[in-house]
>>> print(open('coords.cif').read())   # mmCIF, C-alpha atoms
data_entry
#
loop_
_atom_site.group_PDB
_atom_site.id
_atom_site.type_symbol
_atom_site.label_atom_id
_atom_site.label_comp_id
_atom_site.auth_asym_id
_atom_site.auth_seq_id
_atom_site.Cartn_x
_atom_site.Cartn_y
_atom_site.Cartn_z
ATOM 1 C CA MET M 208 -19.259 -149.047 164.771
ATOM 2 C CA PRO M 209 -18.941 -145.223 164.763
ATOM 3 C CA SER M 210 -21.397 -143.386 162.552
ATOM 4 C CA PHE M 211 -20.373 -140.995 159.780
ATOM 5 C CA ASN M 212 -21.509 -138.050 161.919
ATOM 6 C CA SER M 213 -19.259 -138.959 164.827
ATOM 7 C CA PHE M 214 -16.375 -139.450 162.372
ATOM 8 C CA VAL M 215 -16.892 -135.906 160.994
ATOM 9 C CA LYS M 216 -17.226 -134.546 164.537
ATOM 10 C CA SER M 217 -13.933 -136.142 165.571
ATOM 11 C CA GLY M 218 -12.292 -134.669 162.493
ATOM 12 C CA PHE M 219 -13.479 -131.170 163.369
ATOM 13 C CA ILE M 220 -12.339 -131.593 166.971
ATOM 14 C CA LEU M 221 -8.874 -132.671 165.790
ATOM 15 C CA ILE M 222 -8.610 -129.709 163.406
ATOM 16 C CA PHE M 223 -9.751 -127.351 166.170
ATOM 17 C CA LEU M 224 -7.173 -128.813 168.579
ATOM 18 C CA ALA M 225 -4.428 -128.507 165.958
ATOM 19 C CA ILE M 226 -5.283 -124.833 165.336
ATOM 20 C CA LEU M 227 -5.541 -124.189 169.072
ATOM 21 C CA SER M 228 -2.206 -125.813 169.869
ATOM 22 C CA GLY M 229 -0.575 -123.993 166.946
ATOM 23 C CA GLY M 230 -1.946 -120.699 168.236
ATOM 24 C CA LEU M 231 -0.815 -121.464 171.778
ATOM 25 C CA PHE M 232 2.668 -122.307 170.518
ATOM 26 C CA ILE M 233 2.880 -119.023 168.593
ATOM 27 C CA TYR M 234 1.697 -117.000 171.585
ATOM 28 C CA SER M 235 3.931 -118.885 174.018
ATOM 29 C CA GLY M 236 7.000 -117.201 172.499
ATOM 30 C CA PHE M 237 9.022 -120.407 172.615
ATOM 31 C CA TYR M 238 10.044 -120.242 168.948
ATOM 32 C CA SER M 239 13.388 -118.466 168.666
ATOM 33 C CA MET M 240 13.398 -115.550 166.239
ATOM 34 C CA GLY M 241 17.134 -114.890 166.652
ATOM 35 C CA ALA M 242 19.080 -114.920 163.400
ATOM 36 C CA ASP M 243 21.779 -116.936 165.152
ATOM 37 C CA VAL M 244 19.435 -119.904 165.688
ATOM 38 C CA PRO M 245 18.549 -121.703 162.424
ATOM 39 C CA HIS M 246 14.997 -122.772 161.632
ATOM 40 C CA ASN M 247 14.146 -126.399 162.162
ATOM 41 C CA LYS M 248 13.936 -128.446 158.973
ATOM 42 C CA VAL M 249 10.148 -128.300 158.690
ATOM 43 C CA THR M 250 9.950 -124.512 159.091
ATOM 44 C CA TYR M 251 12.863 -124.054 156.690
ATOM 45 C CA TRP M 252 11.219 -126.257 154.080
ATOM 46 C CA LEU M 253 7.880 -124.470 154.474
ATOM 47 C CA LEU M 254 9.390 -120.996 154.140
ATOM 48 C CA GLU M 255 11.679 -121.952 151.276
ATOM 49 C CA THR M 256 8.907 -123.655 149.335
ATOM 50 C CA LEU M 257 6.572 -120.724 149.937
ATOM 51 C CA ARG M 258 9.276 -118.304 148.714
ATOM 52 C CA GLU M 259 10.298 -120.245 145.634
ATOM 53 C CA ARG M 260 6.741 -121.017 144.502
ATOM 54 C CA SER M 261 5.692 -117.420 145.025
ATOM 55 C CA ILE M 262 8.644 -116.008 143.070
ATOM 56 C CA ALA M 263 8.295 -118.518 140.239
ATOM 57 C CA ARG M 264 4.635 -117.637 139.831
ATOM 58 C CA ALA M 265 5.161 -113.868 140.038
ATOM 59 C CA ALA M 266 8.152 -113.844 137.675
ATOM 60 C CA ALA M 267 6.703 -116.133 135.018
ATOM 61 C CA ASP M 268 5.450 -113.352 132.716
ATOM 62 C CA ILE M 269 8.462 -111.050 132.918
ATOM 63 C CA GLN M 270 9.908 -110.160 129.498
ATOM 64 C CA ILE M 271 13.692 -110.351 129.274
ATOM 65 C CA PRO M 272 15.306 -107.541 127.212
ATOM 66 C CA SER M 273 17.170 -108.730 124.138
ATOM 67 C CA ASP M 274 20.234 -106.573 124.839
ATOM 68 C CA LEU M 275 21.181 -108.097 128.174
ATOM 69 C CA ASN M 276 24.704 -109.153 127.180
ATOM 70 C CA THR M 277 26.192 -105.739 126.330
ATOM 71 C CA SER M 278 29.152 -103.816 127.692
ATOM 72 C CA GLU M 279 26.952 -100.821 128.602
ATOM 73 C CA ARG M 280 24.774 -102.952 130.807
ATOM 74 C CA LEU M 281 27.805 -104.532 132.467
ATOM 75 C CA LEU M 282 29.240 -101.123 133.331
ATOM 76 C CA SER M 283 25.985 -99.775 134.685
ATOM 77 C CA GLY M 284 25.097 -102.971 136.530
ATOM 78 C CA GLY M 285 28.609 -103.475 137.886
ATOM 79 C CA ALA M 286 28.742 -100.083 139.552
ATOM 80 C CA ASP M 287 25.282 -100.545 141.070
ATOM 81 C CA TYR M 288 26.134 -104.048 142.264
ATOM 82 C CA ASN M 289 29.237 -102.742 143.967
ATOM 83 C CA ASP M 290 27.294 -99.969 145.693
ATOM 84 C CA MET M 291 24.209 -101.911 146.687
ATOM 85 C CA CYS M 292 24.805 -105.648 146.781
ATOM 86 C CA VAL M 293 28.430 -106.488 147.467
ATOM 87 C CA GLY M 294 28.168 -106.266 151.264
ATOM 88 C CA CYS M 295 25.815 -109.259 151.370
ATOM 89 C CA HIS M 296 26.409 -111.029 148.051
ATOM 90 C CA LEU M 297 30.204 -110.647 147.921
ATOM 91 C CA LYS M 298 32.590 -110.281 144.980
ATOM 92 C CA PRO M 299 35.441 -112.251 143.400
ATOM 93 C CA GLY M 300 38.222 -112.768 145.924
ATOM 94 C CA LYS M 301 35.965 -112.269 148.965
ATOM 95 C CA ASP M 302 34.159 -115.187 150.550
ATOM 96 C CA SER M 303 32.582 -113.689 153.652
ATOM 97 C CA SER M 304 31.517 -110.429 155.280
ATOM 98 C CA ASP M 305 29.835 -109.409 158.533
ATOM 99 C CA PHE M 306 26.513 -109.620 156.698
ATOM 100 C CA THR M 307 27.048 -113.096 155.273
ATOM 101 C CA ILE M 308 28.080 -114.342 158.714
ATOM 102 C CA GLY M 309 25.299 -112.598 160.628
ATOM 103 C CA LEU M 310 22.294 -112.744 158.330
ATOM 104 C CA TYR M 311 19.863 -115.655 158.351
ATOM 105 C CA PRO M 312 19.155 -117.050 155.866
ATOM 106 C CA THR M 313 22.709 -116.508 154.621
ATOM 107 C CA PRO M 314 22.658 -114.404 151.427
ATOM 108 C CA PRO M 315 23.898 -116.392 148.426
ATOM 109 C CA ASN M 316 27.424 -115.660 147.230
ATOM 110 C CA LEU M 317 26.638 -114.374 143.729
ATOM 111 C CA ALA M 318 30.298 -114.332 142.738
ATOM 112 C CA LEU M 319 30.025 -118.102 142.610
ATOM 113 C CA SER M 320 28.050 -119.973 139.989
ATOM 114 C CA ALA M 321 24.557 -121.132 141.007
ATOM 115 C CA ASP M 322 25.835 -124.691 141.397
ATOM 116 C CA ALA M 323 28.648 -123.622 143.665
ATOM 117 C CA HIS M 324 26.700 -121.558 146.182
ATOM 118 C CA GLU M 325 24.490 -123.632 148.404
ATOM 119 C CA HIS M 326 21.238 -121.893 147.717
ATOM 120 C CA ALA M 327 18.076 -123.457 146.414
ATOM 121 C CA HIS M 328 16.628 -122.112 143.189
ATOM 122 C CA GLY M 329 13.486 -124.201 143.236
ATOM 123 C CA ASN M 330 12.814 -125.574 139.797
ATOM 124 C CA SER M 331 14.359 -122.649 137.942
ATOM 125 C CA SER M 332 17.202 -124.516 136.318
ATOM 126 C CA LYS M 333 16.731 -122.893 132.929
ATOM 127 C CA ASP M 334 18.654 -119.693 132.294
ATOM 128 C CA ASP M 335 15.592 -117.636 131.406
ATOM 129 C CA GLU M 336 13.825 -118.604 134.594
ATOM 130 C CA LYS M 337 16.923 -117.762 136.610
ATOM 131 C CA ILE M 338 17.156 -114.342 134.936
ATOM 132 C CA LYS M 339 13.470 -113.563 135.535
ATOM 133 C CA ARG M 340 13.817 -114.702 139.117
ATOM 134 C CA GLN M 341 16.808 -112.436 139.714
ATOM 135 C CA PHE M 342 15.005 -109.437 138.204
ATOM 136 C CA TRP M 343 11.916 -110.046 140.339
ATOM 137 C CA ILE M 344 13.919 -110.461 143.554
ATOM 138 C CA ILE M 345 15.959 -107.293 142.979
ATOM 139 C CA LYS M 346 12.847 -105.308 142.133
ATOM 140 C CA HIS M 347 10.530 -106.615 144.847
ATOM 141 C CA GLY M 348 12.858 -107.917 147.552
ATOM 142 C CA ILE M 349 12.020 -110.824 149.854
ATOM 143 C CA LYS M 350 10.085 -110.459 153.074
ATOM 144 C CA ALA M 351 11.927 -111.047 156.365
ATOM 145 C CA SER M 352 15.183 -112.008 154.664
ATOM 146 C CA GLY M 353 17.144 -108.763 154.627
ATOM 147 C CA MET M 354 16.690 -108.444 150.838
ATOM 148 C CA PRO M 355 15.176 -105.020 150.147
ATOM 149 C CA ALA M 356 12.964 -104.088 147.193
ATOM 150 C CA TRP M 357 15.015 -101.850 144.890
ATOM 151 C CA GLY M 358 12.075 -101.241 142.575
ATOM 152 C CA PRO M 359 10.751 -98.137 144.350
ATOM 153 C CA THR M 360 14.074 -96.322 143.920
ATOM 154 C CA HIS M 361 15.559 -97.863 140.774
ATOM 155 C CA SER M 362 14.203 -98.019 137.227
ATOM 156 C CA ASP M 363 13.601 -101.351 135.512
ATOM 157 C CA GLU M 364 16.450 -100.558 133.113
ATOM 158 C CA ARG M 365 18.885 -100.151 135.978
ATOM 159 C CA ILE M 366 17.693 -103.385 137.546
ATOM 160 C CA TRP M 367 18.061 -105.231 134.222
ATOM 161 C CA SER M 368 21.646 -103.985 134.032
ATOM 162 C CA MET M 369 22.296 -105.459 137.468
ATOM 163 C CA VAL M 370 20.797 -108.731 136.277
ATOM 164 C CA ALA M 371 23.072 -108.578 133.210
ATOM 165 C CA PHE M 372 26.083 -108.077 135.456
ATOM 166 C CA LEU M 373 25.055 -111.032 137.636
ATOM 167 C CA GLN M 374 25.190 -113.334 134.587
ATOM 168 C CA ARG M 375 28.903 -112.573 134.168
ATOM 169 C CA LEU M 376 29.930 -112.060 137.781
ATOM 170 C CA PRO M 377 30.987 -115.690 138.457
ATOM 171 C CA ASP M 378 33.396 -115.502 135.469
ATOM 172 C CA LEU M 379 35.194 -112.382 136.688
ATOM 173 C CA ASP M 380 38.496 -112.300 138.542
ATOM 174 C CA PRO M 381 39.099 -109.625 141.227
ATOM 175 C CA GLU M 382 40.894 -107.286 138.792
ATOM 176 C CA GLN M 383 38.171 -107.474 136.162
ATOM 177 C CA TYR M 384 35.547 -106.941 138.844
ATOM 178 C CA GLN M 385 37.331 -103.851 140.149
ATOM 179 C CA ILE M 386 37.531 -102.235 136.729
ATOM 180 C CA LEU M 387 33.926 -103.010 135.794
ATOM 181 C CA SER M 388 32.423 -101.988 139.100
ATOM 182 C CA ALA M 389 34.433 -98.850 139.903
ATOM 183 C CA ARG M 390 32.124 -95.933 139.317
ATOM 184 C CA GLY M 391 35.161 -93.764 138.643
ATOM 185 C CA GLU M 392 35.102 -90.261 137.319
ATOM 186 C CA GLY M 393 34.913 -91.234 133.696
ATOM 187 C CA GLU M 394 31.513 -92.776 133.718
ATOM 188 C CA HIS M 395 29.287 -90.080 135.107
ATOM 189 C CA GLY M 396 31.247 -86.888 135.066
ATOM 190 C CA HIS M 397 34.157 -85.058 136.661
ATOM 191 C CA HIS M 398 34.941 -84.397 140.251
ATOM 192 C CA MET Y 273 -4.073 -102.210 169.073
ATOM 193 C CA LYS Y 274 -2.541 -104.872 166.842
ATOM 194 C CA LEU Y 275 -2.221 -102.419 163.987
ATOM 195 C CA LYS Y 276 -0.507 -99.930 166.280
ATOM 196 C CA THR Y 277 1.970 -102.535 167.482
ATOM 197 C CA LEU Y 278 2.710 -103.665 163.935
ATOM 198 C CA SER Y 279 3.148 -100.070 162.792
ATOM 199 C CA ALA Y 280 5.506 -99.401 165.679
ATOM 200 C CA ILE Y 281 7.629 -102.363 164.609
ATOM 201 C CA PHE Y 282 7.622 -101.912 160.856
ATOM 202 C CA LEU Y 283 7.591 -98.136 160.475
ATOM 203 C CA PRO Y 284 11.182 -97.560 161.679
ATOM 204 C CA VAL Y 285 12.393 -100.456 159.496
ATOM 205 C CA ALA Y 286 10.556 -99.139 156.433
ATOM 206 C CA LEU Y 287 11.843 -95.647 157.097
ATOM 207 C CA GLY Y 288 15.395 -96.891 157.450
ATOM 208 C CA VAL Y 289 15.230 -98.775 154.172
ATOM 209 C CA ALA Y 290 13.616 -95.841 152.365
ATOM 210 C CA LEU Y 291 16.204 -93.363 153.599
ATOM 211 C CA SER Y 292 19.135 -95.609 152.792
ATOM 212 C CA ALA Y 293 17.680 -96.235 149.310
ATOM 213 C CA GLN Y 294 17.708 -92.505 148.591
ATOM 214 C CA ALA Y 295 21.473 -92.632 148.735
ATOM 215 C CA HIS Y 296 21.552 -94.959 145.754
ATOM 216 C CA ASP Y 297 21.313 -92.287 143.121
ATOM 217 C CA PRO Y 298 24.564 -92.733 141.122
ATOM 218 C CA LYS Y 299 25.408 -89.066 141.761
ATOM 219 C CA GLU Y 300 25.441 -89.743 145.492
ATOM 220 C CA HIS Y 301 28.054 -92.433 144.983
ATOM 221 C CA MET Y 302 30.257 -90.189 142.887
ATOM 222 C CA LYS Y 303 31.432 -88.432 146.056
ATOM 223 C CA ASN Y 304 33.436 -91.483 147.120
ATOM 224 C CA ALA Y 305 33.719 -93.130 143.723
ATOM 225 C CA GLU Y 306 36.456 -95.710 143.394
ATOM 226 C CA GLN Y 307 38.722 -95.305 140.358
ATOM 227 C CA PRO Y 308 39.194 -98.254 137.986
ATOM 228 C CA LYS Y 309 42.657 -99.770 138.357
ATOM 229 C CA CYS Y 310 43.340 -99.961 134.660
ATOM 230 C CA GLU Y 311 47.041 -100.602 135.207
ATOM 231 C CA LYS Y 312 46.029 -104.141 136.259
ATOM 232 C CA MET Y 313 45.069 -104.837 132.660
ATOM 233 C CA LYS Y 314 48.765 -104.850 131.870
ATOM 234 C CA ASN Y 315 49.218 -108.046 133.892
ATOM 235 C CA MET Y 316 46.308 -109.878 132.343
ATOM 236 C CA ASP Y 317 46.906 -112.678 129.886
ATOM 237 C CA HIS Y 318 46.086 -110.927 126.633
ATOM 238 C CA SER Y 319 46.210 -114.140 124.632
ATOM 239 C CA LYS Y 320 43.142 -115.325 126.522
ATOM 240 C CA MET Y 321 41.210 -112.129 125.926
ATOM 241 C CA ASP Y 322 38.316 -112.216 123.510
ATOM 242 C CA MET Y 323 37.629 -108.745 122.209
ATOM 243 C CA ASN Y 324 34.105 -109.744 121.227
ATOM 244 C CA ASP Y 325 33.344 -110.571 124.831
ATOM 245 C CA PRO Y 326 31.170 -107.834 126.399
ATOM 246 C CA VAL Y 327 33.254 -108.081 129.604
ATOM 247 C CA MET Y 328 36.409 -107.219 127.700
ATOM 248 C CA GLN Y 329 34.638 -104.500 125.724
ATOM 249 C CA ALA Y 330 33.301 -103.006 128.950
ATOM 250 C CA MET Y 331 36.767 -102.987 130.516
ATOM 251 C CA MET Y 332 38.237 -101.311 127.449
ATOM 252 C CA LYS Y 333 35.501 -98.691 127.434
ATOM 253 C CA LYS Y 334 35.956 -98.032 131.106
ATOM 254 C CA CYS Y 335 39.700 -97.620 130.853
ATOM 255 C CA MET Y 336 39.542 -95.517 127.683
ATOM 256 C CA LYS Y 337 37.066 -93.202 129.336
ATOM 257 C CA HIS Y 338 39.142 -93.118 132.470
ATOM 258 C CA LYS Y 339 42.257 -92.331 130.463
ATOM 259 C CA GLN Y 340 40.541 -89.611 128.442
ATOM 260 C CA ASP Y 341 39.241 -88.007 131.597
ATOM 261 C CA GLY Y 342 42.632 -88.344 133.254
ATOM 262 C CA ASP Y 343 44.358 -86.765 130.238
ATOM 263 C CA ALA Y 344 41.887 -83.910 130.106
ATOM 264 C CA HIS Y 345 42.350 -83.360 133.811
ATOM 265 C CA HIS Y 346 46.152 -83.340 133.513
ATOM 266 C CA LYS Y 347 46.126 -81.068 130.467
ATOM 267 C CA HIS Y 348 43.879 -78.716 132.312
ATOM 268 C CA ARG Y 349 46.219 -78.736 135.298
ATOM 269 C CA ASP Y 350 49.658 -78.806 133.676
ATOM 270 C CA GLY Y 351 49.102 -77.492 130.205
ATOM 271 C CA GLU Y 352 50.176 -80.796 128.673
ATOM 272 C CA GLY Y 353 49.046 -84.413 128.900
ATOM 273 C CA HIS Y 354 50.810 -87.216 130.789
ATOM 274 C CA ASP Y 355 50.578 -90.519 128.987
ATOM 275 C CA GLU Y 356 49.438 -93.549 130.836
ATOM 276 C CA THR Y 357 51.577 -96.273 129.372
ATOM 277 C CA VAL Y 358 49.198 -98.959 130.520
ATOM 278 C CA ASN Y 359 46.256 -97.618 128.633
ATOM 279 C CA GLU Y 360 48.330 -97.143 125.519
ATOM 280 C CA GLU Y 361 49.251 -100.776 125.826
ATOM 281 C CA SER Y 362 45.618 -101.679 126.287
ATOM 282 C CA LYS Y 363 44.785 -99.771 123.113
ATOM 283 C CA LYS Y 364 47.529 -101.582 121.268
ATOM 284 C CA GLU Y 365 46.302 -104.915 122.540
ATOM 285 C CA HIS Y 366 42.813 -104.011 121.537
ATOM 286 C CA SER Y 367 43.737 -103.351 117.941
ATOM 287 C CA GLU Y 368 45.886 -106.502 117.844
ATOM 288 C CA HIS Y 369 43.033 -108.691 118.999
ATOM 289 C CA GLN Y 370 40.258 -107.156 116.995
ATOM 290 C CA HIS Y 371 40.787 -109.165 113.819
#
>>> encode(input="coords.cif", output="structure tokens")
Amino acid sequence: MPSFNSFVKSGFILIFLAILSGGLFIYSGFYSMGADVPHNKVTYWLLETLRERSIARAAADIQIPSDLNTSERLLSGGADYNDMCVGCHLKPGKDSSDFTIGLYPTPPNLALSADAHEHAHGNSSKDDEKIKRQFWIIKHGIKASGMPAWGPTHSDERIWSMVAFLQRLPDLDPEQYQILSARGEGEHGHH
Amino acid sequence: MKLKTLSAIFLPVALGVALSAQAHDPKEHMKNAEQPKCEKMKNMDHSKMDMNDPVMQAMMKKCMKHKQDGDAHHKHRDGEGHDETVNEESKKEHSEHQH
């Protein structure tokens, strides 16, 4: 019967072999990093879980402004969304772009409701959690996903306005979207 | 060595993102700013419009502002204003639905 010591030794040897084989696999270069080859299910699950848990934890203490559902915020957020986000996250009447086809993971179509676009939101089913999550992602971005951090160049107020616009975006038709998102000459001055 | 390699990979990416982000000042976008197509409001189903809805209020604000600016621009150019029928209609609709 094997002693406790030999049992512990075998355990350490197994762990060492697992780390060694993992390291060898990484250095072998066999894992495809091309955006046109999807992750296998295990890698996808690991990365998605890591992302969602990290965001949920980081966004938990964010305070949502009380004036989120105002016309001013929609106008400010709509114009910024159209300038910064529409290429990847689309708009009413448009269901694909070069970015949505080429990027991996595919950016969620934010013109659709959360249920309609096939994109995991972790456990954030409540509206407040969704809003905090959106604010955090816009401000900080997501590593290795193509989502940049807008925080260094945009104020929190501007980001909150984008979040406000996102809450109404799935309800808009193409005409409403165009009017709300056109920066136009009226909003910021004359040409 | 590792740090150098990582820097060589990430520095151009970071620089690219930083430079493109500088263009996101609203004033930068004004150069090619799209105009709101307020005439489309004419074709919308006004009976379904809720004037207390921030989306509707935002559209009205946008088109009023756009109209005012357009009028001022025309007056400045021609000496008299050209009415935009659509926006007048929008105004009318607004007052009808406000009660």
>>> atom_distance(input="coords.cif", atom1="CA of Ser283 (chain M)", atom2="CA of Leu297 (chain M)")
17.6 Å
>>> resolve_selection(input="coords.cif", expression="the PyMOL selection byres ((chain M) within 7 of (chain Y))", output="list in words")
Asn276, Thr277, Ser278, Glu279, Leu281, Leu282, Thr360, Glu382, Gln385, Ile386, Leu387, Ala389, Arg390, Gly391, Glu392 and Gly393 of chain M
>>> atom_distance(input="coords.cif", atom1="CA of Ala263 (chain M)", atom2="CA of Trp343 (chain M)")
9.2 Å
>>> residues_around(input="coords.cif", residues="region 245-252 of chain M", least_positions_apart="3", cutoff="12 Å", atoms="only C-alpha atoms", output="count of residues only")
18
>>> atom_distance(input="coords.cif", atom1="CA of Lys337 (chain M)", atom2="CA of Pro299 (chain M)")
20.5 Å
>>> resolve_selection(input="coords.cif", expression="the PyMOL selection byres ((chain M and resi 338) around 9)", output="MDAnalysis selection string")
chainID M and resid 271 333:337 339:343 370:371 373:374
>>> axis_aligned_box(input="coords.cif", around="region 321-337 of chain Y", padding_each_side="4 Å", output="JSON")
{"center_x": 36.2, "center_y": -102.7, "center_z": 126.2, "size_x": 18.0, "size_y": 27.0, "size_z": 17.9}
